[in-house]
Amino acid sequence: MFEQLSEKLTATFEKLQGRPRVTEADLEGALRDVRVALLEADVSLKVVRQLVATVKERALGEKVLESISGAQQVVKIVHDALVEMLGGAAAPLARAERPPTVILLVGLQGSGKTTTAGKLASLLRKQGRKPLLVAADVYRPAAIDQLRALGKQLGLPVVTVRAEAVAGDVAAAIGAASADGHDLVIVDTAGRLHIDEAMMAEVEAVVAAAEPHETLLVVDAMAGQDAVESATAFKARLPITGLVLTKMDSDARGGAALSIRAVSGIPVKLLGTSEKLDGIELFHPDRLAQRILGMGDILTLVERAQEHVDAKMAEAQAKKMLEARFTFEDFYAQLQQIKKMGPLGDLLKMMPGMGQLAKQMPEGDQAEKELRRIEAIIASMTRAERADPSLLNGSRRKRIAAGSGTTVSEINHLLKQFAEMQKLMKQVGGMAKSGRLRLPGLPR
Amino acid sequence: MSLFAGLAKTRGGLLARLFGSGEPKVTPEWLEALEEALLRADVAVTLVDPVMAQARDLVAHEGIDTVPKVLDAVRQALMAVLATRDLSLNAGAAAPRVILVVGVNGSGKTTTAAKLAKRLKDAGERPLLAAADTFRAAAIEQLQTWAARIGVPVIAGKPNGDPAAVVFDAIGAGIARGATTVIADTAGRLHTKGHLMDELGKIVRVAGRARDGAPDEVLLVLDGTAGQNAIQQARQFTATASVTGLVVTKLDGTAKGGAVFAIASELGLPVKLLGVGEKADDLVPMDPRAFVDALLPRA
């Protein structure tokens, strides 16, 4: 999501590196570039000024101009300033001492509140909670139907409220929640403008009646400069405890969202990362700052891997690989695991320095297409063929080509690559066995 | 609601600094406030810099140094960017006219499609709506609810069905029923998702098969609160679906939709309609002068 900003900053700093010293003019030039990059990233004007001033002050204070590693220092200063802007440490979701915990979602029209309600219910249920959804948007046509449909998809109950008694019915739903075995109530409300007095009064009444433990402001990551204004206005009237940034899978630079924390003090708690119900993540400011600077996001990558990759299977496969027993069947299983972790482009962006590579792939589509092609080829093989590719004579290859929509030469290519990989892994396995090569975490 | 009624809620603050001082001579502080107002309105920094350079030049070298005069010059410059071409909706190459409504998630497509249908109906047309968002939960119901409200027929398919098929069927139905315009709502999609943009390309092609030369108008709905990303949205959607016009929504809030200037400048895309509220009548034709005045109001 922050590729352009990190590209711009990386380019700026690459200009600085390779010079023996950073001159004052160099610093001013870099600061100008940073200013433009942040503005183009929709960072609020006030915050840009603050950040640039802070960076300049610290850079001079650390005598960057006299240092031989001035460029690296400047990068670190910008990184640290960004982390501060993003709010320091991650902030967890509140939990009531006496259930149910009540979470209220508010925000402008189209920000993604209803989808977030579904995602949040799904996420917290995975953590062992028993959520109840309340559909309190009585204005938008079919808004209640939308939440009901999500509830049905998830197998979770959805309570509706009467248009003439929204606050009261929300309170009643919360009151009855515990008795029905729920320890969590998630309330979706209507999108509203911060300058619409009647609608702001309506949600104030809902807050008073529901007494939420967490009031989350849902903000579109593609929002511009005005996001800070609306967030500040919401905070002035409601007990906003956290921000959810949605549509983070866009290429929006998301600067306005960064600014909300800096200007209003509201911590970012969650990120919406796709339209699917599992597209929600906890927010980690240090990881995001690193992503902006092209430093990758290894921690999120590892987490995703841990969530989706079967550890036992991975270990067994690693063993097989080293003993050259790794077959197409195993490869196919691995591809399925990787698929679950998300689009290849996204994964690449999380690896340090890979951001540039990811950029070269048209949104990771080429690589995805490649993987899909390989998948199709293996899927068209019989069990016996997958276990023993030496069976693959001309007519079998023709059959597989027809079945997978590929050409015989593509199949030949894959077989050749696979054979080479097996040879390589056998060598590695041999070295590991003989003790010449220690591979951390892999069986000996 | 008119653009100005919506605007009335947002005077004061930053803009008061620009106009409230009563002091007519331009000062460096005033120029800074002007730059801030433009950036704050989401006008691209790549556009603000040359505009400000022009303004400073006028003050320094042309002797145009009073606030009202410089503001007028800036307004003219901004209006010139928007004055691309005909701002009315394209006519149909044949009957019925086909309009596709596209854009990223949450921009206001469904509401806009309904408002547009009402607008055409009020003007004496026989519009037909197509519920081609087959992905989002209850999207079909949402448009059906609107259609019933405004008294316009709607063609729907099955949830998770092929959206191109819905558009095809709707155009066929439109031809059979003698509809004058078919308005197809589509699913919100991020321009970064290749497979979703491919799907949109298919919808456009299939529309052309249903009726030669369709679609006649591809409206990209932009959220008025969006920042610089709107420019990227415009680029990608135009590349895939040959966008012919923009609709900027949610202008009844405090956002100014300033991203459209860079879009007009770079892609020559005209803003045709403005969304100024959630009610059926809250869709007004674009007026470049009023739009620029909303950004830099006359005192």
# chains A, B, ... in the order shown; residues from 1 in each chain; ligands from 1
>>> residues_around(residues="Val219 (chain A)", least_positions_apart="4", cutoff="8 Å", atoms="only C-alpha atoms", output="MDAnalysis selection string")
chainID A and resid 107:108 111:112 223 227 243:246 257
>>> write_last_selection(atoms="C-alpha atoms", output="tab-separated table (two decimals), in the first residue's frame")
chain	number	residue	atom	x	y	z
A	107	GLY	CA	-17.66	6.46	10.26
A	108	LEU	CA	-18.38	8.19	6.96
A	111	SER	CA	-15.81	3.50	4.62
A	112	GLY	CA	-16.40	-0.24	5.08
A	223	ALA	CA	-9.06	9.20	1.98
A	227	ALA	CA	-9.94	12.62	6.77
A	243	LEU	CA	-9.25	3.50	14.15
A	244	VAL	CA	-9.85	0.80	11.56
A	245	LEU	CA	-8.16	1.54	8.23
A	246	THR	CA	-9.92	-0.23	5.39
A	257	ALA	CA	-4.81	7.78	7.79
>>> closest_atom_pairs(of="chain A", to="chain B", cutoff="7 Å", atoms="only C-alpha atoms", output="Markdown table")
| residue | atom | partner | partner_atom | distance |
| --- | --- | --- | --- | --- |
| A:Glu40 | CA | B:Gln228 | CA | 6.5 |
| A:Asp42 | CA | B:Gly227 | CA | 6.0 |
| A:Gly110 | CA | B:Gly106 | CA | 4.0 |
| A:Ser111 | CA | B:Gly106 | CA | 6.3 |
| A:Pro141 | CA | B:Gln142 | CA | 5.2 |
| A:Ala142 | CA | B:Gln142 | CA | 4.8 |
| A:Asp145 | CA | B:Ala138 | CA | 5.7 |
| A:Gln146 | CA | B:Ala138 | CA | 4.7 |
| A:Ala149 | CA | B:Ala137 | CA | 5.9 |
| A:Leu150 | CA | B:Ala137 | CA | 6.8 |
| A:Leu193 | CA | B:Gly253 | CA | 6.1 |
| A:Ile195 | CA | B:Gly253 | CA | 6.9 |
| A:Met222 | CA | B:Ala226 | CA | 5.6 |
| A:Ala223 | CA | B:Ala226 | CA | 4.2 |
| A:Gly224 | CA | B:Gly227 | CA | 3.4 |
| A:Gln225 | CA | B:Arg40 | CA | 5.6 |
| A:Asp226 | CA | B:Ala255 | CA | 5.5 |
| A:Ser250 | CA | B:Thr192 | CA | 6.1 |
| A:Asp251 | CA | B:Thr192 | CA | 6.7 |
| A:Ala252 | CA | B:Asn229 | CA | 5.2 |
| A:Glu363 | CA | B:Thr192 | CA | 6.9 |
| A:Asp365 | CA | B:Gly194 | CA | 7.0 |
>>> closest_residue(among="A:Leu45, A:Ile280, A:Leu27, A:Ala135", to="Leu60 (chain A)", atoms="only C-alpha atoms")
A:Leu27
>>> select_by_dssp(residues="region 142-291 of chain B", states="strand (DSSP E)", output="PDB file with C-alpha atoms, in the first residue's frame")
ATOM      1  CA  VAL B 154     -34.640  -3.094 -12.543  1.00  0.00           C
ATOM      2  CA  ILE B 155     -33.117  -6.223 -14.053  1.00  0.00           C
ATOM      3  CA  ALA B 156     -31.251  -8.434 -11.610  1.00  0.00           C
ATOM      4  CA  THR B 181     -31.408   4.432 -21.199  1.00  0.00           C
ATOM      5  CA  VAL B 182     -30.042   1.371 -19.421  1.00  0.00           C
ATOM      6  CA  ILE B 183     -27.972   2.210 -16.338  1.00  0.00           C
ATOM      7  CA  ALA B 184     -25.812  -0.654 -15.080  1.00  0.00           C
ATOM      8  CA  ASP B 185     -24.487  -0.564 -11.514  1.00  0.00           C
ATOM      9  CA  THR B 186     -21.344  -2.678 -11.124  1.00  0.00           C
ATOM     10  CA  GLU B 217     -21.056   6.402 -21.370  1.00  0.00           C
ATOM     11  CA  VAL B 218     -18.764   4.907 -18.728  1.00  0.00           C
ATOM     12  CA  LEU B 219     -19.063   6.948 -15.551  1.00  0.00           C
ATOM     13  CA  LEU B 220     -16.276   6.586 -12.987  1.00  0.00           C
ATOM     14  CA  VAL B 221     -17.677   7.385  -9.558  1.00  0.00           C
ATOM     15  CA  LEU B 222     -15.057   9.059  -7.369  1.00  0.00           C
ATOM     16  CA  ASP B 223     -15.448   9.583  -3.652  1.00  0.00           C
ATOM     17  CA  GLY B 245     -16.914  10.943 -17.519  1.00  0.00           C
ATOM     18  CA  LEU B 246     -16.557  11.360 -13.782  1.00  0.00           C
ATOM     19  CA  VAL B 247     -19.081  11.657 -10.999  1.00  0.00           C
ATOM     20  CA  VAL B 248     -17.719  13.117  -7.768  1.00  0.00           C
ATOM     21  CA  THR B 249     -19.770  12.099  -4.723  1.00  0.00           C
ATOM     22  CA  VAL B 271     -16.578  15.769 -14.422  1.00  0.00           C
ATOM     23  CA  LYS B 272     -20.204  15.455 -15.515  1.00  0.00           C
ATOM     24  CA  LEU B 273     -22.190  15.053 -12.310  1.00  0.00           C
ATOM     25  CA  LEU B 274     -21.824  15.815  -8.608  1.00  0.00           C
ATOM     26  CA  GLY B 275     -23.289  13.858  -5.720  1.00  0.00           C
ATOM     27  CA  LEU B 283     -27.325  14.637  -8.004  1.00  0.00           C
ATOM     28  CA  VAL B 284     -26.541  17.864  -9.853  1.00  0.00           C
ATOM     29  CA  PRO B 285     -24.859  18.568 -13.187  1.00  0.00           C
TER      30      PRO B 285
END
>>> atom_distance(atom1="CA of Arg399 (chain A)", atom2="CA of Arg325 (chain A)")
25.3 Å
>>> select_by_dssp(residues="region 110-299 of chain B", states="helix (DSSP H, G or I)", output="PyMOL selection string")
chain B and resi 110-122+139-150+163-177+194-210+229-241+259-267+288-295
>>> residues_around(residues="region 211-213 of chain B", least_positions_apart="6", cutoff="8 Å", atoms="only C-alpha atoms", output="list of chain:residue names")
B:Ala93, B:Ala94, B:Ile171
>>> write_last_selection(atoms="C-alpha atoms", output="PDB file, in the first residue's frame")
ATOM      1  CA  ALA B  93     -25.338   5.531 -30.639  1.00  0.00           C
ATOM      2  CA  ALA B  94     -28.611   3.603 -30.812  1.00  0.00           C
ATOM      3  CA  ILE B 171     -29.736  -4.326 -22.529  1.00  0.00           C
TER       4      ILE B 171
END
>>> closest_residue(among="B:Ser242, B:Thr180, B:Thr112, B:Gln76", to="Leu200 (chain B)", atoms="only C-alpha atoms")
B:Ser242
>>> closest_residue(among="A:Asn393, A:Gln422, A:Asp26, A:Ala236", to="Val408 (chain A)", atoms="only C-alpha atoms")
A:Asn393
>>> residues_around(residues="Leu132 (chain A)", least_positions_apart="4", cutoff="8 Å", atoms="only C-alpha atoms", output="VMD selection string")
chain A and resid 121 156 to 159 177 182 184 to 186
>>> residues_around(residues="Thr240 (chain B)", least_positions_apart="3", cutoff="8 Å", atoms="only C-alpha atoms", output="number ranges by chain")
B: 197-198, 200-201, 236-237
>>> write_last_selection(atoms="C-alpha atoms", output="PDB file, in the first residue's frame")
ATOM      1  CA  MET B 197     -10.340  -5.159 -13.840  1.00  0.00           C
ATOM      2  CA  ASP B 198     -10.342  -8.013 -16.372  1.00  0.00           C
ATOM      3  CA  LEU B 200     -14.804  -5.105 -15.976  1.00  0.00           C
ATOM      4  CA  GLY B 201     -13.198  -5.282 -19.407  1.00  0.00           C
ATOM      5  CA  GLN B 236      -6.462   2.449 -14.406  1.00  0.00           C
ATOM      6  CA  PHE B 237     -10.209   2.509 -14.957  1.00  0.00           C
TER       7      PHE B 237
END
>>> atom_distance(atom1="CA of Ala176 (chain A)", atom2="CA of Lys269 (chain A)")
27.7 Å
>>> residues_around(residues="Val59 (chain B)", least_positions_apart="5", cutoff="9 Å", atoms="only C-alpha atoms", output="count of residues only")
6
>>> closest_residue(among="B:Val204, B:Val166, B:Ala95, B:Ala114", to="Asp281 (chain B)", atoms="only C-alpha atoms")
B:Ala114
>>> atom_distance(atom1="CA of Asp169 (chain A)", atom2="CA of Glu211 (chain A)")
13.2 Å
>>> residues_around(residues="Glu329 (chain A)", least_positions_apart="5", cutoff="12 Å", atoms="only C-alpha atoms", output="PDB file with C-alpha atoms, in the first residue's frame")
ATOM      1  CA  GLN A 317       8.113 -31.801   3.246  1.00  0.00           C
ATOM      2  CA  LYS A 320      11.443 -35.190   1.884  1.00  0.00           C
ATOM      3  CA  GLN A 334       2.997 -26.523  -1.127  1.00  0.00           C
ATOM      4  CA  LEU A 335       1.405 -24.378  -3.818  1.00  0.00           C
ATOM      5  CA  GLN A 336      -1.938 -24.693  -2.042  1.00  0.00           C
ATOM      6  CA  ILE A 374       2.092 -25.046 -12.824  1.00  0.00           C
ATOM      7  CA  GLU A 375      -0.840 -25.987 -10.611  1.00  0.00           C
ATOM      8  CA  ILE A 377      -0.234 -29.013 -15.098  1.00  0.00           C
ATOM      9  CA  ILE A 378       0.216 -31.013 -11.897  1.00  0.00           C
ATOM     10  CA  ALA A 379      -3.545 -31.312 -11.467  1.00  0.00           C
ATOM     11  CA  SER A 380      -3.742 -32.930 -14.915  1.00  0.00           C
ATOM     12  CA  MET A 381      -1.229 -35.591 -13.932  1.00  0.00           C
ATOM     13  CA  THR A 382      -2.343 -38.921 -12.542  1.00  0.00           C
ATOM     14  CA  ARG A 383      -1.284 -39.986  -9.058  1.00  0.00           C
ATOM     15  CA  ALA A 384       1.222 -42.385 -10.530  1.00  0.00           C
ATOM     16  CA  GLU A 385       2.694 -39.703 -12.785  1.00  0.00           C
ATOM     17  CA  ARG A 386       3.088 -37.283  -9.889  1.00  0.00           C
ATOM     18  CA  ALA A 387       4.943 -39.882  -7.876  1.00  0.00           C
ATOM     19  CA  ASP A 388       7.143 -40.897 -10.797  1.00  0.00           C
ATOM     20  CA  PRO A 389       7.613 -38.314 -13.575  1.00  0.00           C
TER      21      PRO A 389
END
